[in-house]
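Participant: The structure under discussion is supplied below as structure tokens; questions concerning it will follow.
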Amino acid sequence: MSAFVDIKDVTLRYKGRSGSQDTLAVEHLNLEVNQGDFVAVVGPSGCGKSTLMKLATGLHFPSVGSVRLDGAEVDGPVSIAGMAFQNPVMLPWRTTRDNVLLPMEVVEPHRRKIRTSRATYQQMADELLASVGLGDAGDQYPWQLSGGMQQRASLCRALIHDPRLLLLDEPFAALDAFTREELWCVIRDLYYEKEFTTILVTHDLREAVFLADTVYVMSARPGQIIVSREIPFPKPRPIEITYEVEFGELTHELRSHIAQARG
Amino acid sequence: MDNDKASSIDWVRLSPWICTFGLFAIWELSVWLFGIPYYILPAPSQIGFAMYEFADGLWTNSVQTLWTTLLGFAMAIVFGLLLGLFIGWDKRIYAGLYPLMIGFNSIPKIAVVPILVLWFGAGWLPAVLTAFLISFFPIVVNVATGLATIEPEMEDVLRALGAKKLDVMVKVGIPRSLPYFFGALKVAITLAFIGSVLSETIAANSGIGHMMLTAQANFEVPLVFACLIALAVEGIGMYAIMAGLEQRMTGWAHRSGFNR
Ligand SMILES: Nc1ncnc2c1ncn2[C@@H]1O[C@H](COP(=O)(O)OP(=O)(O)OP(=O)(O)O)[C@@H](O)[C@H]1O
Ligand SMILES: [Mg+2]
């Protein structure tokens, strides 16, 4: 049995603009994520973390190597994935609820059903919004929400079609420390409820250690996984754990790996 | 004190009227005071009299100019929207056609009128075409820009779900470019008006532009000014309608600080 996400010896080269050189974003990258795992990927800036995400969802294809998802070669966009980014990018002309429902208007089989049973879908969106503490924000426009609230809504949008793989690319980087910790707990609770496989890209080592089963450290560009570290703390973890000594030691260990990776 | 409750006059709303009437009053006064002859600068009262005297001609020619402008403007909307959608559809088309568009737009349109007259003869058709040519450009550019500047993250979210280019355009691109489009209409209607009047003053046998030219040839200076006033009124009216339309259709863009 191969892993749920199976990235094997992948190299990806971005074509440079006319004249400039090509960029080798990742080289000989290997990553396996089992079904239901929560992994975090950390590494120096520009090492190819976002590229990794695009490979996993079929937005980019490897120049060399293979990317398999749930046993099948990724040869186009995969609708079993949901994504959220640092920038929540909501559509300002749609209410928050309609923003959350956007994937449903694209993905089969919902695409056909949503026209006839809009009310059911709206209720679905409201329930999901309520589970992240946005119970009464459905009718509001995204620009009426704070940054943290928009990011919660963006999580809902990533999860509305019940993806089996959730990809988070620095989703909390633009938030203040308190809001960020609140959202860690939101993610943790959603993860226990829905059991999707998650890949989280982050610059925040505490975030990585708090949420993940395994933390992978990438080298500087061209990116490769150089360290894989299991996080032994039992789950679900309370937020207080981040202030314990062992937690601090583990983040320090990871920090020194990254310092080495930056060279 | 003007924040005194008793004097609840809304000076902000009143101010444009006061300024307009003030301008005419000063104009009228100066003409009489300095004894300026009517064939240099007629007083507003003389212009008013000319307007009354030539009311019929002014009316028919204004309507003619209005039709010419609106026809050219309508063509600009249809063609501008289609071309804008086409250009904004793909980065490569955008990159290829944009320089051409800029080149086309930098031709002073007055230079095109003689060619149009050569092709279609004097009359209303060159005026319609001039209005069209001069006003479609801002529509194309704005629609194309709205489409071409979709946030890459938004496109990723949708494409990762298997959305086709058409889905991305319908769900994101087109609604997103609407504020740009309606913003462009305001500019385009003014330009279309300039275009049609321009062409009428060069080669036409009706319309306000033509009437002005005739009045000038006959030294009917007050009538020339009466025509100018008619143009101003028409121009303000059309602009106001487009501005109102923009406000109504894209309120979200103003409230959300989009497109600032
Ligand atoms: N579309 C693209 N075209 C060309 N080069 C690209 C493209 N996207 C990324 N790159 C290059 O590939 C490299 C890896 O980029 P990537 O966005 O994956 O880094 P990252 O690890 O996510 O960085 P950060 O932590 O700053 O977000 C960078 O050097 C970047 O310049
Ligand atoms: Mg990145």
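Going by the structure tokens order, chains are called A, B, ..., each with residues numbered from 1, while ligands are numbered from 1 in the order shown.
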I want to know what sits within 7 Å of stretch 155-159 of chain B, based on only C-alpha atoms, with residues of the same chain fewer than 3 positions away left out; could you give that as a list of chain:residue names?
Facilitator: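 Once the nearby chain positions are removed, what remains is A:Pro77, A:Met83, A:Pro103, B:Glu151, B:Pro152, B:Gly162, B:Ala163, B:Lys164, B:Val168.
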Participant: Using only C-alpha atoms, determine which residues of chain B fall within 12 Å of chain A; present them as a PyMOL selection string.
Facilitator: chain B and resi 150-168+170-179+249-259
Participant: Find the residues around stretch 105-109 of chain B up to 10 Å (only C-alpha atoms counted), leave out those fewer than 2 positions away in its own chain, and share them as a list in words.
Facilitator: Pro99, Leu100, Met101, Ile102, Gly103, Ala111, Val112, Val113, Pro114, Thr130, Ala131, Leu133, Ile134, Ser135, Phe136, Phe137, Pro138, Gly195, Leu198 and Ser199 of chain B
Participant: Show me which residues are within 12 Å of ligand 2 counting only C-alpha atoms and all ligand atoms, and format the list as a PyMOL selection string.
Facilitator: (chain A and resi 25+41-54+84-87+168-171+173+200-203) or (chain B and resi 153)
Participant: Next, write the just-selected residues to a file, as a short mmCIF file (atom, residue, chain, number, x, y, z; two decimals), in the first residue's frame, keeping N, CA, C and O atoms as the atom set.
Facilitator:
```cif
data_model
loop_
_atom_site.label_atom_id
_atom_site.label_comp_id
_atom_site.auth_asym_id
_atom_site.auth_seq_id
_atom_site.Cartn_x
_atom_site.Cartn_y
_atom_site.Cartn_z
N ALA A 25 13.06 24.86 -8.44
CA ALA A 25 12.37 25.12 -7.17
C ALA A 25 12.58 23.96 -6.19
O ALA A 25 12.95 24.18 -5.04
N VAL A 41 5.26 21.40 7.19
CA VAL A 41 6.50 21.58 6.43
C VAL A 41 7.05 22.96 6.76
O VAL A 41 6.35 23.96 6.62
N VAL A 42 8.30 22.98 7.24
CA VAL A 42 8.93 24.27 7.53
C VAL A 42 10.22 24.34 6.72
O VAL A 42 10.72 23.32 6.25
N GLY A 43 10.73 25.55 6.57
CA GLY A 43 11.97 25.69 5.80
C GLY A 43 12.22 27.13 5.48
O GLY A 43 11.32 27.97 5.62
N PRO A 44 13.42 27.44 5.02
CA PRO A 44 13.76 28.83 4.70
C PRO A 44 12.87 29.39 3.60
O PRO A 44 12.30 28.63 2.81
N SER A 45 12.76 30.70 3.56
CA SER A 45 11.89 31.33 2.57
C SER A 45 12.38 31.03 1.15
O SER A 45 13.57 31.02 0.90
N GLY A 46 11.44 30.77 0.26
CA GLY A 46 11.80 30.53 -1.13
C GLY A 46 12.33 29.13 -1.41
O GLY A 46 12.85 28.87 -2.49
N CYS A 47 12.16 28.20 -0.46
CA CYS A 47 12.75 26.87 -0.66
C CYS A 47 11.81 25.95 -1.44
O CYS A 47 12.16 24.82 -1.75
N GLY A 48 10.62 26.40 -1.75
CA GLY A 48 9.74 25.57 -2.58
C GLY A 48 8.57 24.96 -1.82
O GLY A 48 7.99 23.98 -2.27
N LYS A 49 8.17 25.58 -0.71
CA LYS A 49 7.06 25.02 0.07
C LYS A 49 5.73 25.22 -0.65
O LYS A 49 4.92 24.30 -0.74
N SER A 50 5.53 26.42 -1.17
CA SER A 50 4.29 26.65 -1.92
C SER A 50 4.25 25.79 -3.17
O SER A 50 3.19 25.31 -3.59
N THR A 51 5.43 25.60 -3.75
CA THR A 51 5.53 24.73 -4.93
C THR A 51 5.07 23.31 -4.60
O THR A 51 4.34 22.68 -5.37
N LEU A 52 5.47 22.85 -3.43
CA LEU A 52 5.06 21.52 -2.96
C LEU A 52 3.54 21.41 -2.93
O LEU A 52 2.95 20.42 -3.37
N MET A 53 2.90 22.47 -2.43
CA MET A 53 1.44 22.47 -2.35
C MET A 53 0.82 22.39 -3.75
O MET A 53 -0.17 21.70 -3.97
N LYS A 54 1.41 23.14 -4.67
CA LYS A 54 0.86 23.16 -6.03
C LYS A 54 1.05 21.83 -6.71
O LYS A 54 0.23 21.41 -7.52
N ALA A 84 -6.16 26.74 1.67
CA ALA A 84 -6.29 28.07 2.25
C ALA A 84 -4.90 28.70 2.30
O ALA A 84 -3.91 28.02 2.54
N PHE A 85 -4.86 30.00 2.05
CA PHE A 85 -3.59 30.70 1.94
C PHE A 85 -3.48 31.79 2.99
O PHE A 85 -4.45 32.11 3.68
N GLN A 86 -2.29 32.39 3.02
CA GLN A 86 -2.07 33.53 3.93
C GLN A 86 -3.07 34.66 3.64
O GLN A 86 -3.60 35.29 4.53
N ASN A 87 -3.30 34.88 2.35
CA ASN A 87 -4.25 35.91 1.94
C ASN A 87 -5.62 35.24 1.73
O ASN A 87 -5.74 34.38 0.87
N LEU A 168 -2.72 23.88 3.75
CA LEU A 168 -2.72 25.20 4.37
C LEU A 168 -1.36 25.84 4.12
O LEU A 168 -0.34 25.33 4.58
N ASP A 169 -1.34 26.94 3.38
CA ASP A 169 -0.07 27.61 3.07
C ASP A 169 0.04 28.88 3.90
O ASP A 169 -0.53 29.90 3.55
N GLU A 170 0.75 28.79 5.01
CA GLU A 170 0.92 29.91 5.94
C GLU A 170 -0.38 30.63 6.22
O GLU A 170 -0.48 31.85 6.08
N PRO A 171 -1.42 29.90 6.63
CA PRO A 171 -2.73 30.53 6.71
C PRO A 171 -2.84 31.58 7.81
O PRO A 171 -3.69 32.45 7.74
N ALA A 173 -0.22 33.55 9.02
CA ALA A 173 0.97 34.39 9.12
C ALA A 173 0.64 35.86 9.31
O ALA A 173 1.41 36.60 9.91
N LEU A 200 0.44 21.31 6.32
CA LEU A 200 0.49 22.71 6.74
C LEU A 200 1.87 23.27 6.45
O LEU A 200 2.88 22.73 6.93
N VAL A 201 1.94 24.32 5.67
CA VAL A 201 3.21 25.01 5.45
C VAL A 201 3.23 26.21 6.37
O VAL A 201 2.24 26.94 6.45
N THR A 202 4.31 26.40 7.10
CA THR A 202 4.33 27.50 8.06
C THR A 202 5.74 27.99 8.32
O THR A 202 6.73 27.28 8.06
N HIS A 203 5.86 29.22 8.81
CA HIS A 203 7.15 29.73 9.26
C HIS A 203 7.22 29.69 10.78
O HIS A 203 8.23 30.00 11.37
N GLU B 153 -4.20 33.59 -6.09
CA GLU B 153 -4.68 32.63 -5.09
C GLU B 153 -6.11 32.21 -5.40
O GLU B 153 -6.48 31.05 -5.27
#
```
Participant: Using only C-alpha atoms, which protein or nucleic acid residues come within 8 Å of stretch 63-77 of chain B? Drop anything in the same chain fewer than 5 positions from it, and give the result as a count of residues only.
Facilitator: 23
Participant: So which residues touch A:Phe196 within 8 Å, counting only C-alpha atoms, skipping near sequence neighbours fewer than 4 positions away, as a list in words?
Facilitator: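 In the requested format, the answer is Gln35, Gly36, Asp37, Pro163, Arg164, Leu165, Leu166 and Tyr191 of chain A.
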Participant: Considering only C-alpha atoms, can you say which of B:Ile36, B:Leu116, B:Ala55, B:Val31 comes closest to B:Ala203?
Facilitator: B:Leu116
Participant: Using DSSP on the backbone coordinates, identify all residues within stretch 22-263 of chain A classified as strand (DSSP E or B); present the result as a PDB file with N, CA and C atoms, in the first residue's frame.
Facilitator:
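Okay, this is what ended up in out25.pdb:
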```pdb
ATOM      1  N   THR A  23      14.337  28.585 -12.786  1.00  0.00           N
ATOM      2  CA  THR A  23      14.503  28.391 -11.352  1.00  0.00           C
ATOM      3  C   THR A  23      14.238  26.930 -11.025  1.00  0.00           C
ATOM      4  N   LEU A  24      15.202  26.309 -10.355  1.00  0.00           N
ATOM      5  CA  LEU A  24      15.000  24.956  -9.905  1.00  0.00           C
ATOM      6  C   LEU A  24      14.369  25.065  -8.522  1.00  0.00           C
ATOM      7  N   ALA A  25      13.064  24.861  -8.439  1.00  0.00           N
ATOM      8  CA  ALA A  25      12.372  25.121  -7.172  1.00  0.00           C
ATOM      9  C   ALA A  25      12.578  23.965  -6.193  1.00  0.00           C
ATOM     10  N   VAL A  26      12.305  22.747  -6.628  1.00  0.00           N
ATOM     11  CA  VAL A  26      12.567  21.589  -5.756  1.00  0.00           C
ATOM     12  C   VAL A  26      13.313  20.542  -6.569  1.00  0.00           C
ATOM     13  N   GLU A  27      14.131  19.747  -5.873  1.00  0.00           N
ATOM     14  CA  GLU A  27      14.922  18.738  -6.564  1.00  0.00           C
ATOM     15  C   GLU A  27      14.976  17.480  -5.710  1.00  0.00           C
ATOM     16  N   HIS A  28      14.732  16.331  -6.329  1.00  0.00           N
ATOM     17  CA  HIS A  28      14.731  15.048  -5.615  1.00  0.00           C
ATOM     18  C   HIS A  28      13.929  15.119  -4.329  1.00  0.00           C
ATOM     19  N   LEU A  29      12.752  15.674  -4.439  1.00  0.00           N
ATOM     20  CA  LEU A  29      11.903  15.825  -3.256  1.00  0.00           C
ATOM     21  C   LEU A  29      11.113  14.537  -3.031  1.00  0.00           C
ATOM     22  N   ASN A  30      11.172  14.045  -1.792  1.00  0.00           N
ATOM     23  CA  ASN A  30      10.389  12.865  -1.429  1.00  0.00           C
ATOM     24  C   ASN A  30       9.550  13.197  -0.214  1.00  0.00           C
ATOM     25  N   LEU A  31       8.274  12.865  -0.285  1.00  0.00           N
ATOM     26  CA  LEU A  31       7.414  13.098   0.874  1.00  0.00           C
ATOM     27  C   LEU A  31       6.265  12.114   0.828  1.00  0.00           C
ATOM     28  N   GLU A  32       6.052  11.446   1.958  1.00  0.00           N
ATOM     29  CA  GLU A  32       4.905  10.531   2.037  1.00  0.00           C
ATOM     30  C   GLU A  32       4.035  10.948   3.196  1.00  0.00           C
ATOM     31  N   VAL A  33       2.767  11.074   2.954  1.00  0.00           N
ATOM     32  CA  VAL A  33       1.830  11.417   4.021  1.00  0.00           C
ATOM     33  C   VAL A  33       0.740  10.360   4.029  1.00  0.00           C
ATOM     34  N   PHE A  38      -1.417  14.521  10.016  1.00  0.00           N
ATOM     35  CA  PHE A  38      -1.287  15.970   9.993  1.00  0.00           C
ATOM     36  C   PHE A  38       0.202  16.258   9.944  1.00  0.00           C
ATOM     37  N   VAL A  39       0.699  16.716   8.801  1.00  0.00           N
ATOM     38  CA  VAL A  39       2.124  17.019   8.733  1.00  0.00           C
ATOM     39  C   VAL A  39       2.323  18.516   8.532  1.00  0.00           C
ATOM     40  N   ALA A  40       3.461  18.998   9.041  1.00  0.00           N
ATOM     41  CA  ALA A  40       3.823  20.398   8.843  1.00  0.00           C
ATOM     42  C   ALA A  40       5.129  20.436   8.083  1.00  0.00           C
ATOM     43  N   VAL A  41       5.263  21.403   7.190  1.00  0.00           N
ATOM     44  CA  VAL A  41       6.496  21.578   6.431  1.00  0.00           C
ATOM     45  C   VAL A  41       7.048  22.957   6.760  1.00  0.00           C
ATOM     46  N   VAL A  42       8.296  22.984   7.240  1.00  0.00           N
ATOM     47  CA  VAL A  42       8.933  24.269   7.529  1.00  0.00           C
ATOM     48  C   VAL A  42      10.219  24.339   6.723  1.00  0.00           C
ATOM     49  N   VAL A  64      10.436  16.116 -13.325  1.00  0.00           N
ATOM     50  CA  VAL A  64      10.906  14.738 -13.183  1.00  0.00           C
ATOM     51  C   VAL A  64      10.224  14.163 -11.955  1.00  0.00           C
ATOM     52  N   GLY A  65       9.978  12.855 -11.941  1.00  0.00           N
ATOM     53  CA  GLY A  65       9.414  12.218 -10.755  1.00  0.00           C
ATOM     54  C   GLY A  65       7.908  12.078 -10.852  1.00  0.00           C
ATOM     55  N   SER A  66       7.294  11.595  -9.766  1.00  0.00           N
ATOM     56  CA  SER A  66       5.860  11.377  -9.835  1.00  0.00           C
ATOM     57  C   SER A  66       5.167  11.820  -8.552  1.00  0.00           C
ATOM     58  N   VAL A  67       3.958  12.315  -8.705  1.00  0.00           N
ATOM     59  CA  VAL A  67       3.127  12.692  -7.576  1.00  0.00           C
ATOM     60  C   VAL A  67       1.879  11.829  -7.635  1.00  0.00           C
ATOM     61  N   ARG A  68       1.636  11.067  -6.572  1.00  0.00           N
ATOM     62  CA  ARG A  68       0.443  10.220  -6.540  1.00  0.00           C
ATOM     63  C   ARG A  68      -0.420  10.629  -5.364  1.00  0.00           C
ATOM     64  N   LEU A  69      -1.704  10.644  -5.594  1.00  0.00           N
ATOM     65  CA  LEU A  69      -2.645  11.007  -4.546  1.00  0.00           C
ATOM     66  C   LEU A  69      -3.678   9.897  -4.475  1.00  0.00           C
ATOM     67  N   ALA A  72      -3.470   7.222  -7.174  1.00  0.00           N
ATOM     68  CA  ALA A  72      -3.549   7.544  -8.599  1.00  0.00           C
ATOM     69  C   ALA A  72      -2.596   8.688  -8.934  1.00  0.00           C
ATOM     70  N   GLU A  73      -1.964   8.589 -10.085  1.00  0.00           N
ATOM     71  CA  GLU A  73      -1.064   9.636 -10.552  1.00  0.00           C
ATOM     72  C   GLU A  73      -1.858  10.948 -10.713  1.00  0.00           C
ATOM     73  N   ALA A  81      -9.069  17.952  -2.787  1.00  0.00           N
ATOM     74  CA  ALA A  81      -8.251  18.812  -1.937  1.00  0.00           C
ATOM     75  C   ALA A  81      -8.934  20.149  -1.692  1.00  0.00           C
ATOM     76  N   GLY A  82      -8.660  20.723  -0.527  1.00  0.00           N
ATOM     77  CA  GLY A  82      -9.105  22.081  -0.225  1.00  0.00           C
ATOM     78  C   GLY A  82      -7.887  22.897   0.159  1.00  0.00           C
ATOM     79  N   MET A  83      -7.897  24.174  -0.189  1.00  0.00           N
ATOM     80  CA  MET A  83      -6.717  24.998   0.075  1.00  0.00           C
ATOM     81  C   MET A  83      -7.075  26.290   0.785  1.00  0.00           C
ATOM     82  N   ALA A  84      -6.163  26.740   1.669  1.00  0.00           N
ATOM     83  CA  ALA A  84      -6.287  28.068   2.255  1.00  0.00           C
ATOM     84  C   ALA A  84      -4.904  28.698   2.303  1.00  0.00           C
ATOM     85  N   PHE A  85      -4.863  29.997   2.046  1.00  0.00           N
ATOM     86  CA  PHE A  85      -3.589  30.698   1.943  1.00  0.00           C
ATOM     87  C   PHE A  85      -3.481  31.792   2.994  1.00  0.00           C
ATOM     88  N   LEU A 165      -8.090  15.948   1.604  1.00  0.00           N
ATOM     89  CA  LEU A 165      -6.757  16.519   1.825  1.00  0.00           C
ATOM     90  C   LEU A 165      -6.906  18.025   1.997  1.00  0.00           C
ATOM     91  N   LEU A 166      -6.371  18.538   3.120  1.00  0.00           N
ATOM     92  CA  LEU A 166      -6.428  19.976   3.351  1.00  0.00           C
ATOM     93  C   LEU A 166      -5.017  20.542   3.251  1.00  0.00           C
ATOM     94  N   LEU A 167      -4.846  21.567   2.429  1.00  0.00           N
ATOM     95  CA  LEU A 167      -3.541  22.183   2.250  1.00  0.00           C
ATOM     96  C   LEU A 167      -3.580  23.598   2.785  1.00  0.00           C
ATOM     97  N   LEU A 168      -2.721  23.881   3.750  1.00  0.00           N
ATOM     98  CA  LEU A 168      -2.715  25.204   4.368  1.00  0.00           C
ATOM     99  C   LEU A 168      -1.358  25.843   4.121  1.00  0.00           C
ATOM    100  N   ASP A 169      -1.335  26.935   3.382  1.00  0.00           N
ATOM    101  CA  ASP A 169      -0.071  27.610   3.075  1.00  0.00           C
ATOM    102  C   ASP A 169       0.038  28.877   3.902  1.00  0.00           C
ATOM    103  N   THR A 197      -6.729  14.490   5.895  1.00  0.00           N
ATOM    104  CA  THR A 197      -5.274  14.532   5.885  1.00  0.00           C
ATOM    105  C   THR A 197      -4.854  15.983   5.673  1.00  0.00           C
ATOM    106  N   THR A 198      -3.852  16.445   6.414  1.00  0.00           N
ATOM    107  CA  THR A 198      -3.503  17.859   6.324  1.00  0.00           C
ATOM    108  C   THR A 198      -2.010  18.066   6.083  1.00  0.00           C
ATOM    109  N   ILE A 199      -1.694  18.960   5.166  1.00  0.00           N
ATOM    110  CA  ILE A 199      -0.315  19.433   5.022  1.00  0.00           C
ATOM    111  C   ILE A 199      -0.333  20.927   5.310  1.00  0.00           C
ATOM    112  N   LEU A 200       0.442  21.311   6.323  1.00  0.00           N
ATOM    113  CA  LEU A 200       0.487  22.709   6.739  1.00  0.00           C
ATOM    114  C   LEU A 200       1.873  23.268   6.452  1.00  0.00           C
ATOM    115  N   VAL A 201       1.939  24.316   5.670  1.00  0.00           N
ATOM    116  CA  VAL A 201       3.206  25.012   5.453  1.00  0.00           C
ATOM    117  C   VAL A 201       3.229  26.209   6.374  1.00  0.00           C
ATOM    118  N   THR A 214       3.988  15.022  12.420  1.00  0.00           N
ATOM    119  CA  THR A 214       5.361  14.989  11.938  1.00  0.00           C
ATOM    120  C   THR A 214       5.697  16.349  11.344  1.00  0.00           C
ATOM    121  N   VAL A 215       6.892  16.849  11.649  1.00  0.00           N
ATOM    122  CA  VAL A 215       7.343  18.104  11.055  1.00  0.00           C
ATOM    123  C   VAL A 215       8.497  17.794  10.119  1.00  0.00           C
ATOM    124  N   TYR A 216       8.376  18.272   8.872  1.00  0.00           N
ATOM    125  CA  TYR A 216       9.454  18.097   7.904  1.00  0.00           C
ATOM    126  C   TYR A 216      10.168  19.428   7.711  1.00  0.00           C
ATOM    127  N   VAL A 217      11.503  19.363   7.684  1.00  0.00           N
ATOM    128  CA  VAL A 217      12.289  20.571   7.440  1.00  0.00           C
ATOM    129  C   VAL A 217      12.851  20.483   6.034  1.00  0.00           C
ATOM    130  N   MET A 218      12.662  21.557   5.267  1.00  0.00           N
ATOM    131  CA  MET A 218      13.185  21.574   3.901  1.00  0.00           C
ATOM    132  C   MET A 218      14.480  22.351   3.840  1.00  0.00           C
ATOM    133  N   GLY A 223      14.609  22.828  -3.065  1.00  0.00           N
ATOM    134  CA  GLY A 223      14.154  22.245  -1.810  1.00  0.00           C
ATOM    135  C   GLY A 223      14.143  20.723  -1.780  1.00  0.00           C
ATOM    136  N   ILE A 225      13.537  17.459   1.464  1.00  0.00           N
ATOM    137  CA  ILE A 225      13.293  17.238   2.887  1.00  0.00           C
ATOM    138  C   ILE A 225      14.605  16.788   3.515  1.00  0.00           C
ATOM    139  N   ILE A 226      15.092  17.541   4.529  1.00  0.00           N
ATOM    140  CA  ILE A 226      16.357  17.128   5.141  1.00  0.00           C
ATOM    141  C   ILE A 226      16.152  16.541   6.533  1.00  0.00           C
ATOM    142  N   VAL A 227      15.075  16.924   7.208  1.00  0.00           N
ATOM    143  CA  VAL A 227      14.825  16.374   8.534  1.00  0.00           C
ATOM    144  C   VAL A 227      13.358  16.008   8.638  1.00  0.00           C
ATOM    145  N   SER A 228      13.092  14.861   9.242  1.00  0.00           N
ATOM    146  CA  SER A 228      11.712  14.519   9.529  1.00  0.00           C
ATOM    147  C   SER A 228      11.631  14.245  11.027  1.00  0.00           C
ATOM    148  N   ARG A 229      10.776  14.956  11.733  1.00  0.00           N
ATOM    149  CA  ARG A 229      10.757  14.863  13.190  1.00  0.00           C
ATOM    150  C   ARG A 229       9.344  14.514  13.657  1.00  0.00           C
ATOM    151  N   GLU A 230       9.217  13.353  14.306  1.00  0.00           N
ATOM    152  CA  GLU A 230       7.921  12.984  14.891  1.00  0.00           C
ATOM    153  C   GLU A 230       7.692  13.850  16.131  1.00  0.00           C
TER     154      GLU A 230
END
```
Participant: Could you give me, as JSON, numbers by chain, each residue of stretch 10-251 of chain A that DSSP assigns to alpha helix (DSSP H) when run on this structure's backbone?
Facilitator: {"A": [49, 50, 51, 52, 53, 54, 55, 56, 96, 97, 98, 99, 100, 110, 111, 112, 113, 114, 115, 116, 118, 119, 120, 121, 122, 123, 124, 125, 126, 127, 128, 129, 130, 131, 147, 148, 149, 150, 151, 152, 153, 154, 155, 156, 157, 158, 159, 177, 178, 179, 180, 181, 182, 183, 184, 185, 186, 187, 188, 189, 190, 191, 192, 193, 194, 205, 206, 207, 208, 209, 210, 211, 245, 246, 247, 248, 249, 250, 251]}
